[in-house]
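The file target06.cif contains mmCIF, C-alpha atoms and all ligand atoms:
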data_start
#
loop_
_atom_site.group_PDB
_atom_site.id
_atom_site.type_symbol
_atom_site.label_atom_id
_atom_site.label_comp_id
_atom_site.auth_asym_id
_atom_site.auth_seq_id
_atom_site.Cartn_x
_atom_site.Cartn_y
_atom_site.Cartn_z
ATOM 1 C CA MET A 1 44.586 -41.086 -38.212
ATOM 2 C CA GLN A 2 42.353 -38.597 -39.987
ATOM 3 C CA ALA A 3 41.516 -39.496 -43.580
ATOM 4 C CA TYR A 4 39.454 -37.301 -45.906
ATOM 5 C CA PHE A 5 39.173 -36.184 -49.510
ATOM 6 C CA LEU A 6 41.025 -32.922 -49.943
ATOM 7 C CA GLU A 7 38.500 -31.479 -52.415
ATOM 8 C CA ASN A 8 35.424 -31.729 -50.145
ATOM 9 C CA ASN A 9 36.564 -32.986 -46.705
ATOM 10 C CA ALA A 10 34.379 -36.103 -47.068
ATOM 11 C CA PRO A 11 35.716 -38.973 -44.968
ATOM 12 C CA VAL A 12 37.873 -41.584 -46.698
ATOM 13 C CA ASP A 13 36.858 -45.088 -45.663
ATOM 14 C CA ASN A 14 38.919 -48.254 -45.623
ATOM 15 C CA GLU A 15 37.344 -49.388 -48.864
ATOM 16 C CA ALA A 16 38.675 -46.337 -50.727
ATOM 17 C CA LEU A 17 42.126 -47.020 -49.275
ATOM 18 C CA ARG A 18 41.988 -50.713 -50.128
ATOM 19 C CA ALA A 19 40.944 -49.876 -53.699
ATOM 20 C CA VAL A 20 44.407 -48.408 -54.306
ATOM 21 C CA GLY A 21 46.268 -50.874 -52.083
ATOM 22 C CA VAL A 22 46.872 -48.571 -49.113
ATOM 23 C CA LEU A 23 47.015 -50.233 -45.713
ATOM 24 C CA ALA A 24 46.278 -48.096 -42.636
ATOM 25 C CA GLU A 25 46.234 -49.428 -39.095
ATOM 26 C CA THR A 26 46.775 -48.219 -35.551
ATOM 27 C CA LEU A 27 49.224 -50.075 -33.298
ATOM 28 C CA PRO A 28 50.543 -49.537 -29.771
ATOM 29 C CA ILE A 29 53.569 -47.238 -29.457
ATOM 30 C CA GLU A 30 55.587 -49.512 -27.172
ATOM 31 C CA PRO A 31 57.856 -51.881 -29.133
ATOM 32 C CA SER A 32 56.271 -55.016 -27.677
ATOM 33 C CA GLY A 33 52.943 -53.737 -28.994
ATOM 34 C CA HIS A 34 53.870 -53.016 -32.607
ATOM 35 C CA GLN A 35 56.946 -55.113 -33.391
ATOM 36 C CA PRO A 36 55.036 -58.407 -33.829
ATOM 37 C CA ARG A 37 52.819 -56.756 -36.483
ATOM 38 C CA LEU A 38 55.838 -55.207 -38.223
ATOM 39 C CA ASP A 39 57.579 -58.598 -38.197
ATOM 40 C CA GLU A 40 54.473 -60.154 -39.717
ATOM 41 C CA LEU A 41 54.392 -57.548 -42.505
ATOM 42 C CA MET A 42 58.099 -58.070 -43.195
ATOM 43 C CA HIS A 43 57.498 -61.790 -43.514
ATOM 44 C CA GLU A 44 54.309 -61.493 -45.604
ATOM 45 C CA ARG A 45 55.491 -58.760 -47.934
ATOM 46 C CA GLY A 46 59.191 -59.478 -48.123
ATOM 47 C CA TYR A 47 60.559 -56.326 -46.489
ATOM 48 C CA ALA A 48 64.182 -56.930 -45.556
ATOM 49 C CA THR A 49 65.204 -53.944 -43.488
ATOM 50 C CA GLN A 50 63.829 -51.931 -40.588
ATOM 51 C CA ASP A 51 65.214 -48.604 -39.467
ATOM 52 C CA GLU A 52 64.081 -45.363 -37.872
ATOM 53 C CA VAL A 53 64.075 -41.886 -39.289
ATOM 54 C CA GLN A 54 63.526 -38.564 -37.575
ATOM 55 C CA LEU A 55 62.853 -35.130 -38.956
ATOM 56 C CA SER A 56 62.972 -32.160 -36.610
ATOM 57 C CA PRO A 57 63.151 -28.355 -36.802
ATOM 58 C CA GLU A 58 66.753 -28.251 -35.593
ATOM 59 C CA MET A 59 68.043 -30.150 -38.636
ATOM 60 C CA ASP A 60 70.026 -27.916 -41.009
ATOM 61 C CA ASN A 61 68.938 -29.880 -44.057
ATOM 62 C CA LEU A 62 65.275 -30.245 -43.084
ATOM 63 C CA GLU A 63 64.031 -28.061 -45.920
ATOM 64 C CA SER A 64 65.996 -29.876 -48.600
ATOM 65 C CA ILE A 65 64.790 -33.253 -47.314
ATOM 66 C CA CYS A 66 61.173 -32.123 -47.215
ATOM 67 C CA ALA A 67 61.472 -30.570 -50.667
ATOM 68 C CA LYS A 68 62.100 -34.026 -52.136
ATOM 69 C CA PHE A 69 58.735 -35.362 -50.982
ATOM 70 C CA ILE A 70 56.390 -32.387 -51.308
ATOM 71 C CA ASP A 71 55.952 -32.844 -55.071
ATOM 72 C CA GLU A 72 53.831 -35.681 -56.358
ATOM 73 C CA HIS A 73 55.877 -38.837 -56.847
ATOM 74 C CA LEU A 74 55.903 -42.610 -56.612
ATOM 75 C CA HIS A 75 58.451 -45.223 -55.600
ATOM 76 C CA GLU A 76 59.411 -48.583 -56.997
ATOM 77 C CA ASP A 77 59.096 -50.051 -53.497
ATOM 78 C CA ASP A 78 56.333 -49.742 -50.909
ATOM 79 C CA GLU A 79 56.575 -46.779 -48.532
ATOM 80 C CA VAL A 80 55.998 -48.236 -45.042
ATOM 81 C CA ARG A 81 55.900 -45.910 -42.038
ATOM 82 C CA PHE A 82 54.963 -46.500 -38.414
ATOM 83 C CA VAL A 83 54.810 -43.227 -36.510
ATOM 84 C CA LEU A 84 56.409 -43.284 -33.056
ATOM 85 C CA ALA A 85 56.129 -39.543 -32.398
ATOM 86 C CA GLY A 86 55.256 -36.316 -34.168
ATOM 87 C CA ALA A 87 52.976 -36.003 -37.168
ATOM 88 C CA GLY A 88 52.892 -35.957 -40.943
ATOM 89 C CA ILE A 89 50.545 -35.583 -43.892
ATOM 90 C CA PHE A 90 50.304 -38.008 -46.785
ATOM 91 C CA ASP A 91 48.256 -37.004 -49.816
ATOM 92 C CA ILE A 92 47.549 -40.127 -51.838
ATOM 93 C CA ARG A 93 45.808 -40.470 -55.202
ATOM 94 C CA SER A 94 42.457 -42.244 -55.075
ATOM 95 C CA GLN A 95 41.156 -44.648 -57.674
ATOM 96 C CA ASP A 96 39.572 -41.591 -59.364
ATOM 97 C CA ASP A 97 42.863 -39.686 -59.202
ATOM 98 C CA VAL A 98 41.790 -37.168 -56.559
ATOM 99 C CA TRP A 99 43.705 -36.493 -53.342
ATOM 100 C CA MET A 100 42.963 -38.476 -50.211
ATOM 101 C CA ARG A 101 44.618 -36.753 -47.237
ATOM 102 C CA LEU A 102 45.871 -38.935 -44.385
ATOM 103 C CA GLU A 103 47.074 -37.112 -41.298
ATOM 104 C CA VAL A 104 49.212 -39.513 -39.314
ATOM 105 C CA GLY A 105 50.372 -39.348 -35.705
ATOM 106 C CA PRO A 106 51.782 -41.616 -32.997
ATOM 107 C CA GLY A 107 50.625 -45.223 -33.399
ATOM 108 C CA ASP A 108 49.635 -44.891 -37.066
ATOM 109 C CA LEU A 109 50.951 -47.416 -39.560
ATOM 110 C CA ILE A 110 50.639 -46.642 -43.245
ATOM 111 C CA ILE A 111 51.726 -48.492 -46.362
ATOM 112 C CA VAL A 112 51.697 -46.601 -49.658
ATOM 113 C CA PRO A 113 52.138 -49.322 -52.265
ATOM 114 C CA LYS A 114 54.804 -49.081 -54.934
ATOM 115 C CA GLY A 115 53.670 -47.258 -58.039
ATOM 116 C CA LEU A 116 50.971 -45.150 -56.347
ATOM 117 C CA HIS A 117 51.331 -41.379 -56.677
ATOM 118 C CA HIS A 118 51.520 -39.452 -53.417
ATOM 119 C CA ARG A 119 53.247 -36.571 -51.663
ATOM 120 C CA PHE A 120 54.332 -36.003 -48.083
ATOM 121 C CA MET A 121 54.665 -32.977 -45.840
ATOM 122 C CA LEU A 122 55.259 -32.207 -42.204
ATOM 123 C CA THR A 123 52.797 -30.309 -40.031
ATOM 124 C CA GLU A 124 53.653 -26.942 -38.509
ATOM 125 C CA ALA A 125 55.553 -28.662 -35.672
ATOM 126 C CA LYS A 126 57.988 -29.994 -38.319
ATOM 127 C CA HIS A 127 58.661 -33.140 -36.350
ATOM 128 C CA ILE A 128 58.159 -36.818 -37.068
ATOM 129 C CA HIS A 129 59.833 -39.980 -35.816
ATOM 130 C CA CYS A 130 59.026 -43.126 -37.780
ATOM 131 C CA VAL A 131 59.947 -46.734 -38.182
ATOM 132 C CA ARG A 132 60.505 -47.628 -41.849
ATOM 133 C CA LEU A 133 60.397 -51.027 -43.485
ATOM 134 C CA PHE A 134 61.757 -51.560 -46.959
ATOM 135 C CA LYS A 135 63.008 -54.164 -49.381
ATOM 136 C CA ASP A 136 65.833 -52.142 -50.831
ATOM 137 C CA PRO A 137 66.898 -48.602 -49.918
ATOM 138 C CA ALA A 138 67.413 -47.920 -53.634
ATOM 139 C CA GLY A 139 63.633 -48.026 -53.969
ATOM 140 C CA TRP A 140 63.566 -44.706 -52.131
ATOM 141 C CA VAL A 141 64.397 -42.537 -55.088
ATOM 142 C CA PRO A 142 61.259 -40.501 -55.814
ATOM 143 C CA VAL A 143 59.936 -40.748 -59.373
ATOM 144 C CA TYR A 144 58.106 -37.462 -60.020
ATOM 145 C CA ARG A 145 54.809 -37.353 -61.836
HETATM 146 FE FE FE A 201 57.216 -41.070 -51.039
#
Would you put the structure from the file into structure tokens?
Amino acid sequence: MQAYFLENNAPVDNEALRAVGVLAETLPIEPSGHQPRLDELMHERGYATQDEVQLSPEMDNLESICAKFIDEHLHEDDEVRFVLAGAGIFDIRSQDDVWMRLEVGPGDLIIVPKGLHHRFMLTEAKHIHCVRLFKDPAGWVPVYR
């Protein structure tokens, strides 16, 4: 995972992420490597459901899906993603309300806590395959800033 401030490319450290409640870790891709950690997070944080989501260039509705997450928004539930394949970009507001850019790829786990403003976009390859954990799918409605 690459993490840097968008305004000056300075590296974002774990402390800056922790300050706004973001968790970022790297786990093995194979299920036996990451599932125990995901189970632990479900237990600790009360996530009830796990599923997988894929976005790829062949999808007819790719643009309309991506359009929902490109504008700055928050959710009333945590956004938990473990990347199995592909790549994505999360821009997340820092404690000082500037953008921290996190470029995620295979093996990256990220939790954007509920209530924190962020936006999401694909890279040029337009492909990502993620595991999601959530408490309630209704929490997935974006609330725009
Ligand atoms: Fe989101």
Where does the PyMOL selection byres (((chain A and resi 21-38) around 7) and not hetatm) land in this file, that is, which residues does it pick, as a PyMOL selection string?
chain A and resi 17-20+39-42+84+106-113
Selection as a VMD selection string: residues within 12 Å of ligand FE 201 (chain A) by all atoms listed in the file
chain A and resid 65 to 81 89 to 92 110 to 121 132 139 to 145
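When atom CA of Lys126 of chain A is paired with atom CA of Ser56 of chain A, their separation reads 5.7 Å.
If you measure from each of A:Cys130, A:Met59, A:Ala87, A:Ala3 to Ala16 of chain A using only C-alpha atoms, the closest one turns out to be A:Ala3.
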Residue list as a list in words for point (55.4, -37.8, -36.9), cut-off 6 Å, only C-alpha atoms:
Val83, Ala85, Gly86, Ala87, Gly88, Gly105, His127, Ile128 and His129 of chain A
Taking C-alpha atoms for each residue, export the selection above as an mmCIF file, in the coordinates of the input.
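The result, stored in out_10.cif:
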data_model
loop_
_atom_site.group_PDB
_atom_site.id
_atom_site.type_symbol
_atom_site.label_atom_id
_atom_site.label_comp_id
_atom_site.auth_asym_id
_atom_site.auth_seq_id
_atom_site.Cartn_x
_atom_site.Cartn_y
_atom_site.Cartn_z
ATOM 1 C CA VAL A 83 54.810 -43.227 -36.510
ATOM 2 C CA ALA A 85 56.129 -39.543 -32.398
ATOM 3 C CA GLY A 86 55.256 -36.316 -34.168
ATOM 4 C CA ALA A 87 52.976 -36.003 -37.168
ATOM 5 C CA GLY A 88 52.892 -35.957 -40.943
ATOM 6 C CA GLY A 105 50.372 -39.348 -35.705
ATOM 7 C CA HIS A 127 58.661 -33.140 -36.350
ATOM 8 C CA ILE A 128 58.159 -36.818 -37.068
ATOM 9 C CA HIS A 129 59.833 -39.980 -35.816
#
What is the distance, in Å and to one decimal place, between atom CA of Tyr4 of chain A and atom CA of Met100 of chain A?
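Answer for the atom CA of Tyr4 of chain A to atom CA of Met100 of chain A separation: 5.7 Å.
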